[in-house]
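For reference, entry_35.tsv (TSV, C-alpha atoms):
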chain	number	residue	atom	x	y	z
A	14	MET	CA	61.39	7.99	-19.46
A	15	PRO	CA	58.19	5.90	-19.79
A	16	ILE	CA	54.88	7.49	-18.80
A	17	HIS	CA	53.76	6.15	-15.45
A	18	ASP	CA	50.24	4.75	-15.43
A	19	PRO	CA	49.28	4.22	-11.79
A	20	ILE	CA	46.36	2.01	-12.75
A	21	HIS	CA	47.95	-0.41	-15.15
A	22	ASP	CA	51.59	-0.38	-14.11
A	23	PRO	CA	52.76	-2.90	-11.51
A	24	ILE	CA	52.32	-1.64	-7.98
A	25	HIS	CA	55.30	-2.28	-5.76
A	26	ASP	CA	54.89	-0.51	-2.45
A	27	ASP	CA	52.12	0.29	-0.03
A	28	GLU	CA	52.12	4.02	-0.72
A	29	GLN	CA	51.78	3.52	-4.43
A	30	PHE	CA	49.03	0.98	-3.94
A	31	GLU	CA	47.31	3.36	-1.51
A	32	ARG	CA	47.41	6.08	-4.15
A	33	TYR	CA	45.94	3.65	-6.65
A	34	LEU	CA	43.11	2.80	-4.26
A	35	LYS	CA	42.37	6.47	-3.66
A	36	GLN	CA	41.64	6.91	-7.34
A	37	PHE	CA	38.45	4.97	-6.72
A	38	HIS	CA	36.06	7.60	-5.40
A	39	PRO	CA	33.21	6.37	-3.19
A	40	LEU	CA	29.82	6.87	-4.80
A	41	ALA	CA	27.66	9.59	-3.30
A	42	PRO	CA	24.58	8.47	-1.39
A	43	ASP	CA	21.13	8.85	-2.86
A	44	ALA	CA	19.44	12.12	-2.02
A	45	LEU	CA	16.91	12.15	0.77
A	46	PRO	CA	13.33	12.98	-0.23
A	47	THR	CA	13.10	16.75	0.07
A	48	GLU	CA	10.29	19.28	-0.12
A	49	LYS	CA	11.07	19.77	-3.80
A	50	HIS	CA	10.44	16.09	-4.47
A	51	ARG	CA	7.26	16.19	-2.43
A	52	SER	CA	5.95	19.26	-4.25
A	53	ALA	CA	6.75	17.62	-7.58
A	54	ARG	CA	4.82	14.58	-6.45
A	55	SER	CA	1.83	16.65	-5.33
A	56	THR	CA	1.90	18.52	-8.65
A	57	PHE	CA	1.78	15.18	-10.43
A	58	VAL	CA	-1.20	14.08	-8.31
A	59	LEU	CA	-2.99	17.36	-9.02
A	60	ALA	CA	-2.33	17.01	-12.73
A	61	ALA	CA	-3.69	13.47	-12.65
A	62	TRP	CA	-6.87	14.63	-10.93
A	63	ALA	CA	-7.25	17.48	-13.40
A	64	ALA	CA	-6.93	15.03	-16.29
A	65	VAL	CA	-9.58	12.75	-14.76
A	66	ALA	CA	-11.91	15.71	-14.25
A	67	ALA	CA	-11.37	16.87	-17.84
A	68	VAL	CA	-12.19	13.40	-19.18
A	69	ALA	CA	-15.35	13.29	-17.05
A	70	ILE	CA	-16.48	16.70	-18.32
A	71	ILE	CA	-15.84	15.73	-21.95
A	72	ALA	CA	-17.80	12.49	-21.46
A	73	LEU	CA	-20.72	14.44	-19.97
A	74	LEU	CA	-20.65	16.93	-22.82
A	75	MET	CA	-20.72	14.08	-25.34
A	76	LEU	CA	-23.60	12.30	-23.58
A	77	TYR	CA	-25.69	15.41	-22.89
A	78	PRO	CA	-27.12	15.87	-26.45
A	79	ARG	CA	-28.19	12.22	-26.53
A	80	LEU	CA	-29.93	12.55	-23.18
A	81	ARG	CA	-31.58	15.73	-24.35
A	82	GLN	CA	-32.83	14.01	-27.53
A	83	SER	CA	-34.29	11.11	-25.60
A	84	THR	CA	-36.11	13.26	-23.03
A	85	PRO	CA	-38.66	14.99	-25.36
A	86	ARG	CA	-39.54	11.63	-26.90
A	87	ASP	CA	-40.16	10.20	-23.48
A	88	ASN	CA	-42.31	13.18	-22.60
A	89	ALA	CA	-44.25	12.84	-25.83
A	90	ALA	CA	-44.83	9.18	-25.16
A	91	GLN	CA	-45.98	10.03	-21.67
A	92	TRP	CA	-48.40	12.62	-22.96
A	93	ALA	CA	-49.60	10.25	-25.64
A	94	GLY	CA	-50.29	7.60	-23.04
A	95	GLY	CA	-52.59	9.99	-21.17
A	96	ASN	CA	-55.49	12.05	-22.53
A	97	SER	CA	-53.84	14.68	-24.57
A	98	ALA	CA	-57.15	16.41	-25.17
A	99	GLU	CA	-57.46	17.08	-21.49
A	100	THR	CA	-54.03	18.53	-21.15
A	101	PRO	CA	-54.38	21.49	-18.86
A	102	GLN	CA	-53.10	24.68	-20.37
A	103	SER	CA	-52.37	27.69	-18.26
A	104	LEU	CA	-54.45	30.75	-18.97
A	105	THR	CA	-52.46	33.77	-19.97
A	106	ILE	CA	-53.46	37.25	-21.03
A	107	ARG	CA	-52.18	36.48	-24.47
A	108	SER	CA	-54.29	33.34	-24.82
A	109	ALA	CA	-57.32	35.15	-23.40
A	110	ASN	CA	-56.89	37.94	-25.93
A	111	ALA	CA	-56.57	35.38	-28.67
A	112	LEU	CA	-59.77	33.66	-27.52
A	113	LEU	CA	-61.67	36.93	-27.42
A	114	THR	CA	-60.43	37.89	-30.85
A	115	HIS	CA	-61.13	34.60	-32.59
A	116	ALA	CA	-64.22	33.44	-30.70
A	117	PRO	CA	-67.50	33.59	-32.64
A	118	SER	CA	-69.20	35.20	-29.64
A	119	PHE	CA	-68.36	36.65	-26.29
A	120	GLU	CA	-70.13	33.76	-24.53
A	121	ALA	CA	-68.09	31.20	-26.40
A	122	ALA	CA	-64.95	33.05	-25.44
A	123	VAL	CA	-65.97	33.07	-21.78
A	124	ASP	CA	-66.84	29.38	-21.98
A	125	ALA	CA	-63.49	28.68	-23.52
A	126	LEU	CA	-61.78	30.66	-20.80
A	127	ALA	CA	-63.74	28.83	-18.06
A	128	THR	CA	-63.12	25.33	-19.44
A	129	PRO	CA	-60.03	25.46	-21.62
A	130	SER	CA	-59.90	21.69	-22.24
A	131	ARG	CA	-63.28	21.73	-23.78
A	132	THR	CA	-62.89	24.88	-25.79
A	133	THR	CA	-63.12	25.29	-29.42
A	134	SER	CA	-59.81	25.31	-31.05
A	135	PHE	CA	-61.04	27.84	-33.55
A	136	ASP	CA	-59.30	26.15	-36.37
A	137	GLY	CA	-62.42	24.61	-37.79
A	138	LYS	CA	-63.20	22.26	-34.90
A	139	GLN	CA	-65.75	22.81	-32.20
A	140	SER	CA	-66.00	21.52	-28.68
A	141	ALA	CA	-68.91	19.36	-27.50
A	142	LEU	CA	-69.93	22.06	-25.02
A	143	ASP	CA	-70.19	24.59	-27.81
A	144	VAL	CA	-72.35	22.24	-29.85
A	145	LEU	CA	-74.58	21.48	-26.86
A	146	SER	CA	-74.95	25.16	-26.03
A	147	LYS	CA	-75.99	25.85	-29.61
A	148	ASP	CA	-78.46	22.97	-29.45
A	149	SER	CA	-80.03	24.33	-26.27
A	150	LYS	CA	-80.44	27.74	-27.87
A	151	LEU	CA	-82.29	26.14	-30.71
B	11	MET	CA	33.20	8.10	2.85
B	12	LEU	CA	30.71	7.36	5.61
B	13	LEU	CA	28.47	5.50	3.24
B	14	LEU	CA	31.33	3.45	1.83
B	15	PHE	CA	32.38	2.54	5.36
B	16	ALA	CA	28.79	1.58	6.20
B	17	VAL	CA	28.46	-0.50	3.02
B	18	THR	CA	31.64	-2.43	3.77
B	19	ILE	CA	30.19	-3.43	7.15
B	20	ALA	CA	26.51	-3.74	6.30
B	21	GLY	CA	26.95	-5.59	3.03
B	22	ASP	CA	24.28	-3.78	1.05
B	23	ARG	CA	23.86	-0.19	0.10
B	24	GLY	CA	20.28	0.25	1.24
B	25	ARG	CA	20.96	-0.87	4.79
B	26	ALA	CA	24.11	1.24	4.88
B	27	GLN	CA	22.22	4.33	3.75
B	28	ASP	CA	19.59	3.73	6.42
B	29	ALA	CA	22.31	3.54	9.07
B	30	VAL	CA	23.97	6.77	7.90
B	31	HIS	CA	20.60	8.54	7.81
B	32	GLN	CA	19.85	7.33	11.33
B	33	VAL	CA	23.12	8.75	12.58
B	34	PHE	CA	22.47	12.16	11.06
B	35	LEU	CA	18.90	12.23	12.30
B	36	ARG	CA	20.01	11.44	15.84
B	37	MET	CA	22.68	14.12	15.61
B	38	LEU	CA	20.17	16.69	14.40
B	39	GLU	CA	17.80	15.79	17.21
B	40	ALA	CA	20.53	15.91	19.84
B	41	GLY	CA	22.29	18.94	18.31
B	42	ASN	CA	25.53	18.15	20.17
B	43	LEU	CA	28.03	17.93	17.32
B	44	ARG	CA	29.85	21.10	18.43
B	45	GLN	CA	30.60	19.57	21.80
B	46	ILE	CA	32.42	16.63	20.21
B	47	ALA	CA	36.22	16.86	20.09
B	48	ASP	CA	36.72	14.83	16.91
B	49	PRO	CA	33.51	15.02	14.83
B	50	LYS	CA	34.91	12.98	11.94
B	51	ALA	CA	35.90	10.03	14.13
B	52	TYR	CA	32.63	10.39	16.04
B	53	LEU	CA	30.65	10.14	12.79
B	54	PHE	CA	32.47	7.01	11.67
B	55	ALA	CA	32.03	5.46	15.10
B	56	SER	CA	28.32	6.33	15.11
B	57	VAL	CA	27.80	4.83	11.67
B	58	ARG	CA	29.65	1.69	12.70
B	59	ASN	CA	27.49	1.32	15.80
B	60	ALA	CA	24.31	1.92	13.81
B	61	VAL	CA	25.24	-0.75	11.25
B	62	LEU	CA	26.30	-3.22	13.91
B	63	ASN	CA	23.03	-2.68	15.77
B	64	VAL	CA	21.10	-3.46	12.62
B	65	LYS	CA	23.20	-6.55	12.01
B	66	LYS	CA	22.73	-7.64	15.60
B	67	ALA	CA	18.98	-7.18	15.30
B	68	GLN	CA	18.89	-9.30	12.18
B	69	GLN	CA	21.02	-12.02	13.79
B	70	ARG	CA	22.57	-13.23	10.59
B	71	ASN	CA	25.77	-13.03	8.64
B	72	VAL	CA	25.76	-10.36	6.02
B	73	VAL	CA	26.81	-11.21	2.49
B	74	LEU	CA	28.37	-8.32	0.63
B	75	GLU	CA	26.18	-7.16	-2.19
B	76	GLU	CA	27.80	-7.57	-5.60
B	77	GLU	CA	25.23	-5.87	-7.83
B	78	SER	CA	25.60	-2.24	-6.80
B	79	ALA	CA	28.85	-0.38	-7.25
B	80	TRP	CA	30.65	1.22	-4.34
B	81	PHE	CA	33.10	3.34	-6.27
B	82	ASP	CA	33.37	5.62	-9.24
B	83	PRO	CA	36.37	3.94	-10.89
B	84	PRO	CA	39.19	5.85	-12.61
B	85	GLN	CA	38.94	5.89	-16.41
B	86	ARG	CA	35.57	4.12	-16.09
B	87	ASP	CA	37.36	0.87	-15.42
B	88	TYR	CA	34.35	-0.98	-14.02
B	89	ALA	CA	36.15	-4.31	-14.06
B	90	ALA	CA	38.73	-2.84	-11.69
B	91	GLU	CA	35.90	-1.49	-9.51
B	92	LEU	CA	34.35	-4.94	-9.26
B	93	ASN	CA	37.77	-6.41	-8.61
B	94	LEU	CA	38.38	-3.96	-5.77
B	95	ARG	CA	34.96	-4.63	-4.29
B	96	ARG	CA	35.51	-8.37	-4.36
B	97	ALA	CA	38.97	-7.96	-2.85
B	98	LEU	CA	37.55	-5.81	-0.05
B	99	GLY	CA	34.79	-8.35	0.47
B	100	ALA	CA	37.37	-11.12	0.80
B	101	LEU	CA	39.07	-9.32	3.70
B	102	PRO	CA	38.17	-10.06	7.31
B	103	GLU	CA	35.72	-7.47	8.61
B	104	ASP	CA	38.17	-5.75	10.99
B	105	GLN	CA	40.79	-5.39	8.24
B	106	ARG	CA	38.19	-4.11	5.80
B	107	GLU	CA	37.11	-1.48	8.29
B	108	VAL	CA	40.67	-0.32	8.88
B	109	VAL	CA	41.41	-0.06	5.16
B	110	VAL	CA	38.29	1.94	4.42
B	111	LEU	CA	38.79	4.26	7.36
B	112	ARG	CA	42.43	4.82	6.45
B	113	VAL	CA	42.31	5.07	2.65
B	114	TRP	CA	38.93	6.69	1.97
B	115	GLY	CA	38.10	8.08	5.43
B	116	GLU	CA	41.62	9.55	5.65
B	117	LEU	CA	41.72	8.97	9.40
B	118	THR	CA	44.85	8.53	11.48
B	119	PHE	CA	45.60	5.23	13.18
B	120	ILE	CA	44.80	6.89	16.51
B	121	GLN	CA	41.34	7.86	15.28
B	122	ILE	CA	40.79	4.41	13.79
B	123	ALA	CA	41.87	2.84	17.07
B	124	GLU	CA	39.32	4.94	18.97
B	125	ILE	CA	36.54	4.02	16.60
B	126	LEU	CA	37.25	0.30	16.61
B	127	GLY	CA	38.22	0.08	20.25
B	128	ILE	CA	41.72	-1.23	19.56
B	129	SER	CA	45.23	0.17	20.03
B	130	ALA	CA	46.83	2.37	17.39
B	131	ASN	CA	49.59	-0.19	16.84
B	132	THR	CA	47.02	-2.94	16.24
B	133	ALA	CA	45.22	-0.66	13.79
B	134	ALA	CA	48.48	0.02	11.93
B	135	SER	CA	49.50	-3.62	11.69
B	136	CYS	CA	45.96	-4.58	10.72
B	137	TYR	CA	46.18	-2.01	7.93
B	138	ARG	CA	49.47	-3.38	6.64
B	139	TYR	CA	48.14	-6.94	6.59
B	140	ALA	CA	44.95	-5.77	4.89
B	141	LEU	CA	46.78	-3.78	2.25
B	142	ALA	CA	49.09	-6.68	1.44
B	143	ARG	CA	46.18	-9.07	1.15
B	144	LEU	CA	44.19	-6.63	-0.93
B	145	ARG	CA	47.06	-6.16	-3.31
B	146	GLN	CA	47.59	-9.89	-3.53
B	147	VAL	CA	43.92	-10.54	-4.39
B	148	MET	CA	43.66	-7.65	-6.81
B	149	CYS	CA	46.91	-8.36	-8.59
B	150	ALA	CA	46.04	-12.03	-8.93
B	151	LYS	CA	43.00	-10.97	-10.97
B	152	GLU	CA	44.44	-8.05	-12.90
B	153	ASP	CA	46.83	-8.77	-15.74
B	154	SER	CA	48.84	-5.64	-15.02
B	155	CYS	CA	49.50	-6.73	-11.47
B	156	ALA	CA	50.28	-10.24	-12.56
B	157	ASN	CA	53.31	-8.90	-14.40
B	158	SER	CA	54.87	-7.50	-11.24

Could the structure of this file be written out as structure tokens, please?
Amino acid sequence: MPIHDPIHDPIHDDEQFERYLKQFHPLAPDALPTEKHRSARSTFVLAAWAAVAAVAIIALLMLYPRLRQSTPRDNAAQWAGGNSAETPQSLTIRSANALLTHAPSFEAAVDALATPSRTTSFDGKQSALDVLSKDSKL
Amino acid sequence: MLLLFAVTIAGDRGRAQDAVHQVFLRMLEAGNLRQIADPKAYLFASVRNAVLNVKKAQQRNVVLEEESAWFDPPQRDYAAELNLRRALGALPEDQREVVVLRVWGELTFIQIAEILGISANTAASCYRYALARLRQVMCAKEDSCANS
């Protein structure tokens, strides 16, 4: 007895043809967007933002040393443009002690403390005030 | 089954899916499925109404979409699937509805009659005509049928 192939054998009656048609199964509909899909989408958005933030941080870290290098130069240029000799220096106990230790006299140390910009640097150079005070003593 | 029925009326899968979704959304909102005597027939009728409303709103004849498949064919015979789709598309709309409701919806002629607003006898004769025409179209294209 030949094997019956319902698909490729001739179809003679309605019932047989109906059975043949039923072998075609309707495709299932697409799934509706669910919470799972939404959460996956939000995770993707979060990951994208995290990636953008990471790139921004890396860019800042790469640019920061360059900015830092350029800033002291700018400051130096700024100081050079002004009168560097008159740069005000804050008086500290340490600097006062140093002045008292290295000053040729107590008066000179006090003068240096009173007018730091005009003080003697005590490394071989003397201020104009010091010279003038010596002249007046003579 | 519902989607297939909707596709055969709507013409394209996207519109059919929208109609089926609308029906289920309305049912969820109303929450009255338990009060219905024949839920299966009610669902088919609701889908039909939803699709017809969309068609009415668009005021145009719907051409059946050929690109997207409707069926998962036996033995991956996609040519036969396309053949069946074209044969169904060639049927008049009322006959197509009856065939889909009967073969894939597995409804009785009484249920089909209620859904389509016709008598059971009309549904049965419509089915016989549709099946004969379907077979004629399909067998004219398939070599295996041509031998019969």

Quick one: which chain B residues come within 10 Å of chain A, and what is the nearest atom pair for each with the distance in Å to one decimal, counting only C-alpha atoms, rows ordered by chain and ascending number, as JSON lines?
{"residue": "B:Met11", "atom": "CA", "partner": "A:Pro39", "partner_atom": "CA", "distance": 6.3}
{"residue": "B:Leu12", "atom": "CA", "partner": "A:Pro39", "partner_atom": "CA", "distance": 9.2}
{"residue": "B:Leu13", "atom": "CA", "partner": "A:Pro42", "partner_atom": "CA", "distance": 6.7}
{"residue": "B:Leu14", "atom": "CA", "partner": "A:Pro39", "partner_atom": "CA", "distance": 6.1}
{"residue": "B:Phe15", "atom": "CA", "partner": "A:Pro39", "partner_atom": "CA", "distance": 9.4}
{"residue": "B:Arg23", "atom": "CA", "partner": "A:Pro42", "partner_atom": "CA", "distance": 8.8}
{"residue": "B:Gly24", "atom": "CA", "partner": "A:Asp43", "partner_atom": "CA", "distance": 9.6}
{"residue": "B:Ala26", "atom": "CA", "partner": "A:Pro42", "partner_atom": "CA", "distance": 9.6}
{"residue": "B:Gln27", "atom": "CA", "partner": "A:Pro42", "partner_atom": "CA", "distance": 7.0}
{"residue": "B:Val30", "atom": "CA", "partner": "A:Pro42", "partner_atom": "CA", "distance": 9.5}
{"residue": "B:His31", "atom": "CA", "partner": "A:Leu45", "partner_atom": "CA", "distance": 8.7}
{"residue": "B:Ala79", "atom": "CA", "partner": "A:Leu40", "partner_atom": "CA", "distance": 7.7}
{"residue": "B:Trp80", "atom": "CA", "partner": "A:Leu40", "partner_atom": "CA", "distance": 5.7}
{"residue": "B:Phe81", "atom": "CA", "partner": "A:Pro39", "partner_atom": "CA", "distance": 4.3}
{"residue": "B:Asp82", "atom": "CA", "partner": "A:His38", "partner_atom": "CA", "distance": 5.1}
{"residue": "B:Pro83", "atom": "CA", "partner": "A:Phe37", "partner_atom": "CA", "distance": 4.8}
{"residue": "B:Pro84", "atom": "CA", "partner": "A:Gln36", "partner_atom": "CA", "distance": 5.9}
{"residue": "B:Gln85", "atom": "CA", "partner": "A:Ile20", "partner_atom": "CA", "distance": 9.1}
{"residue": "B:Arg86", "atom": "CA", "partner": "A:Phe37", "partner_atom": "CA", "distance": 9.8}
{"residue": "B:Asp87", "atom": "CA", "partner": "A:Ile20", "partner_atom": "CA", "distance": 9.5}
{"residue": "B:Ala90", "atom": "CA", "partner": "A:Ile20", "partner_atom": "CA", "distance": 9.1}
{"residue": "B:Glu91", "atom": "CA", "partner": "A:Phe37", "partner_atom": "CA", "distance": 7.5}
{"residue": "B:Leu94", "atom": "CA", "partner": "A:Leu34", "partner_atom": "CA", "distance": 8.4}
{"residue": "B:Val109", "atom": "CA", "partner": "A:Glu31", "partner_atom": "CA", "distance": 9.5}
{"residue": "B:Val110", "atom": "CA", "partner": "A:Leu34", "partner_atom": "CA", "distance": 10.0}
{"residue": "B:Arg112", "atom": "CA", "partner": "A:Glu31", "partner_atom": "CA", "distance": 9.5}
{"residue": "B:Val113", "atom": "CA", "partner": "A:Lys35", "partner_atom": "CA", "distance": 6.5}
{"residue": "B:Trp114", "atom": "CA", "partner": "A:Lys35", "partner_atom": "CA", "distance": 6.6}
{"residue": "B:Glu116", "atom": "CA", "partner": "A:Lys35", "partner_atom": "CA", "distance": 9.8}
{"residue": "B:Arg138", "atom": "CA", "partner": "A:Asp27", "partner_atom": "CA", "distance": 8.1}
{"residue": "B:Leu141", "atom": "CA", "partner": "A:Asp27", "partner_atom": "CA", "distance": 7.1}
{"residue": "B:Ala142", "atom": "CA", "partner": "A:Asp27", "partner_atom": "CA", "distance": 7.7}
{"residue": "B:Leu144", "atom": "CA", "partner": "A:Phe30", "partner_atom": "CA", "distance": 9.5}
{"residue": "B:Arg145", "atom": "CA", "partner": "A:Phe30", "partner_atom": "CA", "distance": 7.4}
{"residue": "B:Cys149", "atom": "CA", "partner": "A:Pro23", "partner_atom": "CA", "distance": 8.5}
{"residue": "B:Glu152", "atom": "CA", "partner": "A:His21", "partner_atom": "CA", "distance": 8.7}
{"residue": "B:Asp153", "atom": "CA", "partner": "A:His21", "partner_atom": "CA", "distance": 8.5}
{"residue": "B:Ser154", "atom": "CA", "partner": "A:His21", "partner_atom": "CA", "distance": 5.3}
{"residue": "B:Cys155", "atom": "CA", "partner": "A:Pro23", "partner_atom": "CA", "distance": 5.0}
{"residue": "B:Ala156", "atom": "CA", "partner": "A:Pro23", "partner_atom": "CA", "distance": 7.8}
{"residue": "B:Asn157", "atom": "CA", "partner": "A:Pro23", "partner_atom": "CA", "distance": 6.7}
{"residue": "B:Ser158", "atom": "CA", "partner": "A:Pro23", "partner_atom": "CA", "distance": 5.1}

Give me the box for region 37-55 of chain B as AutoDock Vina command-line options, namely the centre and edge lengths in Å to one decimal of a box along x, y and z that holds every listed atom plus 4 Å on each side.
--center_x 27.3 --center_y 13.3 --center_z 16.7 --size_x 26.9 --size_y 23.6 --size_z 18.1

Have a look at CA of Leu38 (chain B) and CA of Ser56 (chain B) and let me know their distance in Å, one decimal.
-> 13.2 Å

Find the residue from B:Ala29, B:Ala97, B:Val147, B:Leu111 that sits nearest to Ile125 (chain B); use all atoms listed in the file when measuring.
->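 Checking each candidate against Ile125 (chain B), we get B:Leu111 as the closest.
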
Find the residues near Ala133 (chain B): any atom within 12 Å, counting all atoms listed in the file, skip ones fewer than 5 places away on the same chain, and give them as a list in words.
-> Asp104, Gln105, Arg106, Glu107, Val108, Val109, Val110, Leu111, Arg112, Leu117, Thr118, Phe119, Ile120, Gln121, Ile122, Ala123, Glu124, Ile125, Leu126, Gly127, Ile128, Arg138, Tyr139 and Ala140 of chain B

Work out how far apart CA of Val33 (chain B) and CA of Ala47 (chain B) are and give it in Å to one decimal.
->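 Atom-to-atom, CA of Val33 (chain B) and CA of Ala47 (chain B) are spaced 17.1 Å apart.
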
For CA of Met37 (chain B) and CA of Arg58 (chain B), determine how far apart the two atoms are, in Å to one decimal place.
->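 Straight-line distance from CA of Met37 (chain B) to CA of Arg58 (chain B) works out to 14.5 Å.
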